Amino acid sequence: MKTTNIGICAALLAAALFGAGTPFAKALLEHTSPWLLAALLYLGSGLGLGLVRMVQGAPRVALSGREWKWMSGAVICGGVIGPVLLMSGLDAMPASGASLLLNAESVFTALLAWFVFRENFDHRIALGMIAIVAGAIVLAWPVDGTVAIASFWPALAVLGACLAWAMDNNLTRKVSLSDASWIAMVKGLVAGLTNLVLAASMGAVWPATATLVGAAILGFFSYGASLVLFVIALRHLGSGRTGAYFSVAPFFGAAIAVLFFGESFTLPLFAGGVLMAVGVALHLSESHAHAHSHMPLEHTHEHEHGPGDSHHEHSHDELVAPGTRHSHRHSHQPLSHSHPHFPDMHHRHEH
């Protein structure tokens with residue numbers, strides 16, 4: 001289960017970085033437009049990761065034609081549509097409420113993973129999703145009880161961003177074996193430039209240097225580094241489970257908004273947080289084990305050889321010490337066994 005632990009740690013750290021970005025983005029919105037801020041956040045992510053890759057001397061990455069299709073869809077959904085909707089909604093609602101509302105991303109991610117991409121799920125995960133949806137409704141309901149489309153718009157915009165990112169998550173899973181920092185860099189650069197052109201066409205005014213630098217730094221950590229870790233988690237956990245662990249992100253954002261930005265701790269915020277916490281707890285306590293068979297498979301990804309990893313018992317032309325992480329093209333032979341697992345790169349089977 002070592003590979004699962006790597007995925008869980010990566011997903012939780014990604015959640016912490018992304019969640020922290022919401023209240024800080026709310027502060028930056030006082031000095032620039034939502035569309036331009038979305039562009040600056042992703043440009044900071046893409047340029048920062050590009051610089052890191054250049055310093056590290058990272059190798060070039062090549063995708064197949066089919067993989068480019070998945071990658072393009074992920075960039076459009078998660079890099080262009082998602083951030084613009086989030087910034088638009090965040091501009092008209094408290095950062096604490098928007099942060100918790102982002103839990104809906106895990107719901108949409110899991111629903112798409114289950115019913116479109118055929119990942120397995122059980123009653124515990126389904127009940128968790130119901131609790132998170134209930135929490136989202138509590139947060140979205142107008143404070144004065146008046147139901148009007150205008151009053152729902154900010155929450156609907158944030159939920160729209162969640163749906164866009166859910167599509168992004170499931171599409172990115174298709175290319176998650178590729179270099180994670182390269183995937184995040186491409187998303188950042190393409191999405192950032194696209195949003196920059198759109199913001200300029202709508203007459204956005206270039207912000208002050210302090211705002212520009214702040215957005216670049218926030219984008220690098222909350223969108224760039226977070227996305228790298230998220231892609232790593234996708235490899236090990238699959239889309240639905242990664243989304244479940246990542247759903248703790250809004251709690252980091254809400255806590256920072258209340259503790260450091262002076263936002264009120266309201267009853268709807270408390271009730272929505274409790275419902276979502278119940279949903280997250282149900283997600284994290286899920287366990288999945290059964291007898292299953294693996295079909296022949298050939299692919300390339302980083303792995304290591306060691307006790308308990310029956311999926312990588314292959315030979316090498318040169319000696320590779322146990323526990324040494326390395327990458328090369330390798331084949332998996334047919335195998336049947338039973339052990340706890342998630343729908344990772346080696347467990348995408350029917351149930």
# chains A, B, ... in the order shown; residues from 1 in each chain; ligands from 1
>>> select_by_dssp(residues="segment 103-293 of chain A", states="strand (DSSP E or B)", output="PyMOL selection string")
chain A and resi 289-293
>>> select_by_dssp(residues="segment 78-117 of chain A", states="alpha helix (DSSP H)", output="ChimeraX atom specification")
/A:82-90,95-101,104-115
>>> residues_around(residues="segment 199-205 of chain A", least_positions_apart="6", cutoff="10 Å", atoms="only C-alpha atoms", output="PyMOL selection string")
chain A and resi 31-39+84+193
>>> closest_residue(among="A:Ala10, A:Ala134, A:Ile81, A:Val228", to="Leu198 of chain A", atoms="only C-alpha atoms")
A:Ile81
>>> residues_around(residues="Ala92 of chain A", least_positions_apart="5", cutoff="9 Å", atoms="only C-alpha atoms", output="PyMOL selection string")
chain A and resi 87+153-155
>>> write_last_selection(atoms="N, CA and C atoms", output="PDB file, in the first residue's frame")
ATOM      1  N   MET A  87     -13.433  33.112 -10.140  1.00  0.00           N
ATOM      2  CA  MET A  87     -13.150  34.508  -9.830  1.00  0.00           C
ATOM      3  C   MET A  87     -14.415  35.365  -9.911  1.00  0.00           C
ATOM      4  N   TRP A 153     -26.501  33.672  -8.228  1.00  0.00           N
ATOM      5  CA  TRP A 153     -25.475  33.703  -9.270  1.00  0.00           C
ATOM      6  C   TRP A 153     -24.064  33.439  -8.749  1.00  0.00           C
ATOM      7  N   PRO A 154     -23.599  34.094  -7.687  1.00  0.00           N
ATOM      8  CA  PRO A 154     -22.229  33.833  -7.243  1.00  0.00           C
ATOM      9  C   PRO A 154     -21.987  32.361  -6.917  1.00  0.00           C
ATOM     10  N   ALA A 155     -22.941  31.741  -6.200  1.00  0.00           N
ATOM     11  CA  ALA A 155     -22.793  30.328  -5.853  1.00  0.00           C
ATOM     12  C   ALA A 155     -22.839  29.450  -7.097  1.00  0.00           C
TER      13      ALA A 155
END
>>> residues_around(residues="Asn5 of chain A", least_positions_apart="4", cutoff="10 Å", atoms="only C-alpha atoms", output="VMD selection string")
chain A and resid 1 9 to 11 233 236 to 237
>>> atom_distance(atom1="atom CA of Leu102 of chain A", atom2="atom CA of Phe260 of chain A")
19.5 Å
